[in-house]
Amino acid sequence: MSSVLGVIVITRNGDRVEFYQDPESYKGATTETTPLGEVQSHALGALLRQTYLAPASASYIAGMSADVVDNHEVKVKVKAGGEGTVVFDSAIALLQGLFPPTPKNRIKLADGREVIAPLGGYQYVPVETVEPSNDRSLESWTDCPAFQKHVKDFKNSEEFKGMHQKAQPFFDAVKDYVFGRELSMNNIWNIYDFVNTQLMYNQTYAYRLPPTLAETARGLANWHEDKVFSDSKINGIGNVAGRTLLRIILKSLERIAFNDDPLQFMLVETTYQPFISLFHMAEAVTESGKALTGFPDYASAFAIELRRGSPPDLRDFVRFKFRNGTEGSFETVHVLGHKSDIPLTEFIYKTQGAQIMNNKHWKDVCGGSG
């Protein structure tokens with residue numbers, strides 16, 4: 001049986017209030033997290049603790065400090081662009097579940113007294129916020145002329161125009177429930193986000209909304225965002241959200257594989273866009289053979305485990321797992337045509353050419369101003 005050396009976990013923020021994105025530039029307005037979103041992220045953190053820090057788990061990371069966090073073993077990156085504080089709040093809530101307060105978080109002073117950290121031993125895990133003004137790794141699609149051209153070309157395509165026609169009955173039906181918002185496939189993300197938010201937090205609206213409208217809005221938005229944030233080629237501009245994140249993934253895998261590097265748990269808290277690109281870049285399919293497409297639910301997680309093979313093959317392998325939203329457990333995902341774990345060296349070989357290395361590389365690829 002293979003053993004887990006470490007893991008990279010990419011998570012989507014928890015629930016929030018309405019979030020408007022410009023349909024052309026994808027720049028977003030302000031939004032705020034909700035107690036529901038914080039609960040979702042906290043529960044995900046507790047699940048990750050149970051999965052990777054519990055000795056009885058099949059995915060237990062041996063040797064990692066489970067009770068009191070060792071900040072050399074854990075690294076956290078948090079997207080600080082669109083959706084603003086929501087992503088940060090989600091990361092903090094997740095870390096509270098991953099490393100809950102413990103009376104073991106104490107120190108003995110020279111005079112013999114012992115002091116426990118506040119709130120019953122609260123653990124303060126360092127978080128690195130990633131602002132797009134100085135680091136494009138977690139928000140590479142804004143201020144990117146090449147990506148905006150990709151979006152424009154898609155919206156001028158016959159496929160897009162055909163879907164807009166097919167969606168017209170939906171727009172007619174939902175008109176009275178979006179209060180003057182633009183009714184078009186161009187604005188479908190914002191229509192969906194408004195309907196979904198009202199359905200969750202506005203009881204009067206929830207009682208009035210006809211059945212199937214929310215589901216149809218989700219389906220159309222899923223189709224739209226999947227087309228926008230993907231590409232037919234692994235190194236295509238449509239995958240830019242995944243290509244900048246890929247650099248973090250590959251670098252972290254190399255660090256975990258290196259015995260003298262203490263890193264064992266890499267957490268990346270972000271928004272939905274990179275998930276779509278990564279699903280396409282990795283050609284990700286579930287064990288049942290269903291391709292992963294579209295945007296994940298709130299508090300979803302994509303786990304990339306580095307595993308040491310069992311004798312006689314002691315190579316390092318990579319296993320992918322996905323959990324959509326807050327229900328159920330992680331499901332193994334197969335990538336790049338494999339039906340089992342993929343060797344680390346093969347995964348690096350097949351994907352490294354698609355990664356965007358740094359801001360200068362991003363500017364060259366995208367024509368951006370970063």
# chains A, B, ... in the order shown; residues from 1 in each chain; ligands from 1

$ closest_atom_pairs --of "range 184-222 of chain A" --to "range 158-167 of chain A" --cutoff "10 Å" --atoms "only C-alpha atoms" --output "CSV"
residue,atom,partner,partner_atom,distance
A:Ser184,CA,A:His164,CA,6.9
A:Met185,CA,A:His164,CA,5.5
A:Asn186,CA,A:His164,CA,8.5
A:Ile188,CA,A:His164,CA,9.8
A:Thr216,CA,A:Ala167,CA,9.1
A:Ala217,CA,A:Ala167,CA,9.4
A:Leu220,CA,A:Ala167,CA,7.9

$ residues_around --residues "Val365 in chain A" --least-positions-apart "3" --cutoff "12 Å" --atoms "only C-alpha atoms" --output "list in words"
Ser140, Trp141, Cys144, Pro145, Ala146, Phe147, Asn235, Gly236, Ile237, Gly238, Asn239, Val240, Arg243, Thr244, Ala354, Gln355, Ile356, Met357, Asn358, Asn359, Lys360, His361, Trp362, Gly368, Ser369 and Gly370 of chain A

$ write_last_selection --atoms "N, CA, C and O atoms" --output "short mmCIF file (atom, residue, chain, number, x, y, z; two decimals), in the first residue's frame"
data_model
loop_
_atom_site.label_atom_id
_atom_site.label_comp_id
_atom_site.auth_asym_id
_atom_site.auth_seq_id
_atom_site.Cartn_x
_atom_site.Cartn_y
_atom_site.Cartn_z
N SER A 140 -4.95 35.36 -12.75
CA SER A 140 -4.20 35.64 -13.97
C SER A 140 -5.07 36.05 -15.14
O SER A 140 -4.55 36.42 -16.20
N TRP A 141 -6.37 36.02 -14.99
CA TRP A 141 -7.28 36.24 -16.11
C TRP A 141 -7.75 37.69 -16.23
O TRP A 141 -8.27 38.08 -17.26
N CYS A 144 -5.79 40.97 -18.79
CA CYS A 144 -5.04 40.09 -19.69
C CYS A 144 -5.66 40.18 -21.09
O CYS A 144 -6.65 39.52 -21.36
N PRO A 145 -5.10 41.01 -21.96
CA PRO A 145 -5.69 41.20 -23.30
C PRO A 145 -5.87 39.90 -24.08
O PRO A 145 -6.87 39.72 -24.76
N ALA A 146 -4.93 38.99 -23.98
CA ALA A 146 -5.04 37.74 -24.73
C ALA A 146 -6.23 36.92 -24.23
O ALA A 146 -6.95 36.29 -25.02
N PHE A 147 -6.44 36.92 -22.92
CA PHE A 147 -7.59 36.19 -22.37
C PHE A 147 -8.89 36.89 -22.76
O PHE A 147 -9.89 36.23 -23.09
N ASN A 235 -1.73 24.33 -23.04
CA ASN A 235 -1.05 25.62 -22.85
C ASN A 235 -1.77 26.77 -23.54
O ASN A 235 -1.19 27.81 -23.81
N GLY A 236 -3.07 26.59 -23.79
CA GLY A 236 -3.88 27.65 -24.41
C GLY A 236 -4.21 28.75 -23.41
O GLY A 236 -4.23 28.54 -22.19
N ILE A 237 -4.52 29.93 -23.92
CA ILE A 237 -4.79 31.09 -23.06
C ILE A 237 -6.07 30.91 -22.26
O ILE A 237 -6.21 31.47 -21.16
N GLY A 238 -7.00 30.09 -22.76
CA GLY A 238 -8.22 29.83 -21.99
C GLY A 238 -7.95 29.15 -20.66
O GLY A 238 -8.74 29.25 -19.72
N ASN A 239 -6.81 28.45 -20.57
CA ASN A 239 -6.42 27.76 -19.33
C ASN A 239 -5.53 28.61 -18.44
O ASN A 239 -4.89 28.07 -17.53
N VAL A 240 -5.47 29.90 -18.68
CA VAL A 240 -4.51 30.73 -17.96
C VAL A 240 -4.70 30.65 -16.44
O VAL A 240 -3.72 30.71 -15.68
N ARG A 243 -2.90 27.56 -15.48
CA ARG A 243 -1.48 27.54 -15.84
C ARG A 243 -0.61 28.28 -14.81
O ARG A 243 0.52 27.87 -14.54
N THR A 244 -1.11 29.37 -14.25
CA THR A 244 -0.35 30.06 -13.20
C THR A 244 -0.38 29.26 -11.90
O THR A 244 0.63 29.19 -11.19
N ALA A 354 3.22 23.78 -19.74
CA ALA A 354 2.04 24.66 -19.71
C ALA A 354 2.11 25.69 -18.59
O ALA A 354 1.36 26.66 -18.60
N GLN A 355 2.99 25.49 -17.62
CA GLN A 355 3.02 26.39 -16.46
C GLN A 355 3.51 27.78 -16.84
O GLN A 355 4.36 27.95 -17.72
N ILE A 356 2.94 28.77 -16.18
CA ILE A 356 3.40 30.15 -16.30
C ILE A 356 4.23 30.44 -15.07
O ILE A 356 3.74 30.39 -13.94
N MET A 357 5.50 30.74 -15.28
CA MET A 357 6.49 30.69 -14.21
C MET A 357 6.44 31.87 -13.25
O MET A 357 6.66 31.71 -12.05
N ASN A 358 6.16 33.06 -13.76
CA ASN A 358 6.25 34.26 -12.93
C ASN A 358 5.51 35.40 -13.62
O ASN A 358 4.92 35.22 -14.70
N ASN A 359 5.55 36.59 -13.05
CA ASN A 359 4.83 37.73 -13.61
C ASN A 359 5.35 38.12 -14.99
O ASN A 359 4.56 38.51 -15.86
N LYS A 360 6.65 38.04 -15.18
CA LYS A 360 7.20 38.39 -16.48
C LYS A 360 6.70 37.42 -17.55
O LYS A 360 6.32 37.82 -18.66
N HIS A 361 6.70 36.15 -17.22
CA HIS A 361 6.19 35.14 -18.16
C HIS A 361 4.71 35.38 -18.43
O HIS A 361 4.24 35.29 -19.57
N TRP A 362 3.95 35.70 -17.38
CA TRP A 362 2.52 35.99 -17.54
C TRP A 362 2.32 37.17 -18.51
O TRP A 362 1.46 37.13 -19.39
N GLY A 368 -0.31 41.35 -20.64
CA GLY A 368 -0.88 42.13 -19.55
C GLY A 368 0.06 43.21 -19.07
O GLY A 368 1.15 43.42 -19.60
N SER A 369 -0.37 43.90 -18.04
CA SER A 369 0.40 45.03 -17.50
C SER A 369 1.06 44.70 -16.18
O SER A 369 1.49 45.58 -15.46
N GLY A 370 1.04 43.38 -15.82
CA GLY A 370 1.58 43.00 -14.50
C GLY A 370 3.06 43.01 -14.48
O GLY A 370 3.69 42.78 -13.47
#

$ closest_residue --among "A:Glu139, A:Glu305, A:Glu327, A:Asp67" --to "Ala43 in chain A" --atoms "only C-alpha atoms"
A:Glu327

$ closest_atom_pairs --of "range 119-207 of chain A" --to "range 24-33 of chain A" --cutoff "8 Å" --atoms "only C-alpha atoms" --output "tab-separated table"
residue	atom	partner	partner_atom	distance
A:Trp141	CA	A:Tyr26	CA	7.6
A:Thr142	CA	A:Ser25	CA	6.2
A:Asp143	CA	A:Ser25	CA	7.2
A:Gln148	CA	A:Ser25	CA	6.5
A:Val151	CA	A:Glu24	CA	7.2
A:Lys152	CA	A:Glu24	CA	7.6

$ closest_residue --among "A:Thr270, A:Asp341, A:Trp223, A:Ile304" --to "Lys321 in chain A" --atoms "only C-alpha atoms"
A:Ile304

$ closest_residue --among "A:Gln203, A:Ser2, A:Thr345, A:Thr129" --to "Lys75 in chain A" --atoms "only C-alpha atoms"
A:Thr129

$ closest_atom_pairs --of "range 68-161 of chain A" --to "range 287-303 of chain A" --cutoff "12 Å" --atoms "only C-alpha atoms" --output "Markdown table"
| residue | atom | partner | partner_atom | distance |
| --- | --- | --- | --- | --- |
| A:Val86 | CA | A:Tyr298 | CA | 11.2 |
| A:Val87 | CA | A:Ala299 | CA | 10.2 |
| A:Asp89 | CA | A:Ala299 | CA | 11.9 |
| A:Ser90 | CA | A:Ala299 | CA | 8.2 |
| A:Ala91 | CA | A:Ala299 | CA | 10.0 |
| A:Ala93 | CA | A:Ala299 | CA | 10.8 |
| A:Leu94 | CA | A:Ala299 | CA | 9.2 |

$ closest_atom_pairs --of "range 265-284 of chain A" --to "range 10-18 of chain A" --cutoff "10 Å" --atoms "only C-alpha atoms" --output "CSV"
residue,atom,partner,partner_atom,distance
A:Met266,CA,A:Ile10,CA,8.4
A:Leu267,CA,A:Ile10,CA,6.1
A:Val268,CA,A:Ile10,CA,4.8
A:Glu269,CA,A:Thr11,CA,5.0
A:Thr270,CA,A:Arg12,CA,5.2
A:Thr271,CA,A:Arg12,CA,5.0
A:Tyr272,CA,A:Arg12,CA,6.0
A:Gln273,CA,A:Arg12,CA,9.3
A:Pro274,CA,A:Ile10,CA,9.2
A:Phe275,CA,A:Ile10,CA,8.3

$ select_by_dssp --residues "range 294-356 of chain A" --states "helix (DSSP H, G or I)" --output "MDAnalysis selection string"
chainID A and resid 344:354

$ write_last_selection --atoms "N, CA, C and O atoms" --output "short mmCIF file (atom, residue, chain, number, x, y, z; two decimals), in the first residue's frame"
data_model
loop_
_atom_site.label_atom_id
_atom_site.label_comp_id
_atom_site.auth_asym_id
_atom_site.auth_seq_id
_atom_site.Cartn_x
_atom_site.Cartn_y
_atom_site.Cartn_z
N LEU A 344 5.04 10.61 -10.60
CA LEU A 344 5.35 12.03 -10.46
C LEU A 344 6.16 12.54 -11.66
O LEU A 344 5.87 13.61 -12.20
N THR A 345 7.15 11.78 -12.07
CA THR A 345 7.99 12.22 -13.18
C THR A 345 7.19 12.37 -14.46
O THR A 345 7.41 13.30 -15.24
N GLU A 346 6.24 11.48 -14.71
CA GLU A 346 5.41 11.57 -15.91
C GLU A 346 4.48 12.78 -15.83
O GLU A 346 4.29 13.50 -16.83
N PHE A 347 3.90 13.02 -14.65
CA PHE A 347 3.01 14.17 -14.50
C PHE A 347 3.76 15.47 -14.74
O PHE A 347 3.27 16.36 -15.46
N ILE A 348 4.96 15.58 -14.19
CA ILE A 348 5.76 16.78 -14.41
C ILE A 348 6.10 16.93 -15.89
O ILE A 348 5.98 18.01 -16.47
N TYR A 349 6.52 15.83 -16.52
CA TYR A 349 6.93 15.86 -17.93
C TYR A 349 5.78 16.34 -18.82
O TYR A 349 5.98 17.13 -19.75
N LYS A 350 4.56 15.86 -18.55
CA LYS A 350 3.43 16.15 -19.41
C LYS A 350 2.83 17.53 -19.18
O LYS A 350 2.10 18.03 -20.04
N THR A 351 3.09 18.14 -18.03
CA THR A 351 2.42 19.40 -17.71
C THR A 351 3.35 20.60 -17.59
O THR A 351 2.89 21.75 -17.69
N GLN A 352 4.64 20.39 -17.39
CA GLN A 352 5.54 21.51 -17.07
C GLN A 352 5.59 22.56 -18.18
O GLN A 352 5.81 23.75 -17.90
N GLY A 353 5.38 22.14 -19.43
CA GLY A 353 5.42 23.10 -20.52
C GLY A 353 4.27 24.08 -20.52
O GLY A 353 4.33 25.12 -21.19
N ALA A 354 3.22 23.78 -19.74
CA ALA A 354 2.04 24.66 -19.71
C ALA A 354 2.11 25.69 -18.59
O ALA A 354 1.36 26.66 -18.60
#

$ closest_residue --among "A:Pro312, A:Glu114, A:Val335, A:Phe265" --to "Ile249 in chain A" --atoms "only C-alpha atoms"
A:Phe265

$ residues_around --residues "Ile61 in chain A" --least-positions-apart "6" --cutoff "6 Å" --atoms "only C-alpha atoms" --output "MDAnalysis selection string"
chainID A and resid 4:5 52

$ closest_residue --among "A:Ile342, A:Leu213, A:Val7, A:Val125" --to "Ile92 in chain A" --atoms "only C-alpha atoms"
A:Val125

$ closest_residue --among "A:Ser277, A:Ala117, A:Thr286, A:Phe229" --to "Asn324 in chain A" --atoms "only C-alpha atoms"
A:Thr286

$ atom_distance --atom1 "CA of Asn134 in chain A" --atom2 "CA of Leu246 in chain A"
17.9 Å

$ decode --residues "range 325-340 of chain A" --atoms "N, CA, C and O atoms" --output "short mmCIF file (atom, residue, chain, number, x, y, z; two decimals), in the first residue's frame"
data_model
loop_
_atom_site.label_atom_id
_atom_site.label_comp_id
_atom_site.auth_asym_id
_atom_site.auth_seq_id
_atom_site.Cartn_x
_atom_site.Cartn_y
_atom_site.Cartn_z
N GLY A 325 -18.30 20.52 -3.08
CA GLY A 325 -19.18 21.09 -2.08
C GLY A 325 -19.03 20.44 -0.73
O GLY A 325 -17.97 19.92 -0.37
N THR A 326 -20.11 20.46 0.04
CA THR A 326 -20.05 20.10 1.45
C THR A 326 -20.60 18.72 1.76
O THR A 326 -20.61 18.31 2.92
N GLU A 327 -21.03 18.00 0.76
CA GLU A 327 -21.62 16.68 1.00
C GLU A 327 -20.69 15.57 0.51
O GLU A 327 -19.95 15.74 -0.46
N GLY A 328 -20.74 14.44 1.19
CA GLY A 328 -20.00 13.27 0.74
C GLY A 328 -18.53 13.33 1.09
O GLY A 328 -18.07 14.17 1.85
N SER A 329 -17.78 12.41 0.50
CA SER A 329 -16.36 12.29 0.78
C SER A 329 -15.55 12.55 -0.50
O SER A 329 -16.11 12.75 -1.58
N PHE A 330 -14.25 12.52 -0.38
CA PHE A 330 -13.39 12.69 -1.54
C PHE A 330 -13.52 11.50 -2.48
O PHE A 330 -13.62 10.35 -2.05
N GLU A 331 -13.52 11.80 -3.77
CA GLU A 331 -13.58 10.76 -4.81
C GLU A 331 -12.29 10.82 -5.61
O GLU A 331 -11.83 11.89 -6.01
N THR A 332 -11.70 9.65 -5.86
CA THR A 332 -10.48 9.59 -6.65
C THR A 332 -10.76 10.02 -8.09
O THR A 332 -11.78 9.65 -8.67
N VAL A 333 -9.86 10.81 -8.64
CA VAL A 333 -9.99 11.32 -10.00
C VAL A 333 -8.78 10.83 -10.80
O VAL A 333 -7.65 10.87 -10.32
N HIS A 334 -9.03 10.38 -12.01
CA HIS A 334 -7.95 9.92 -12.89
C HIS A 334 -7.58 11.04 -13.87
O HIS A 334 -8.45 11.75 -14.38
N VAL A 335 -6.29 11.16 -14.16
CA VAL A 335 -5.83 12.26 -15.00
C VAL A 335 -4.94 11.74 -16.14
O VAL A 335 -4.32 10.69 -16.05
N LEU A 336 -4.91 12.51 -17.22
CA LEU A 336 -4.01 12.29 -18.35
C LEU A 336 -4.03 10.86 -18.87
O LEU A 336 -3.01 10.28 -19.23
N GLY A 337 -5.23 10.28 -18.89
CA GLY A 337 -5.41 8.96 -19.47
C GLY A 337 -5.09 7.81 -18.56
O GLY A 337 -5.29 6.64 -18.95
N HIS A 338 -4.63 8.05 -17.35
CA HIS A 338 -4.32 6.96 -16.41
C HIS A 338 -5.58 6.46 -15.71
O HIS A 338 -6.52 7.21 -15.49
N LYS A 339 -5.57 5.20 -15.35
CA LYS A 339 -6.67 4.61 -14.59
C LYS A 339 -6.27 4.37 -13.14
O LYS A 339 -7.02 3.75 -12.38
N SER A 340 -5.10 4.83 -12.77
CA SER A 340 -4.61 4.72 -11.40
C SER A 340 -3.68 5.90 -11.15
O SER A 340 -3.64 6.85 -11.93
#
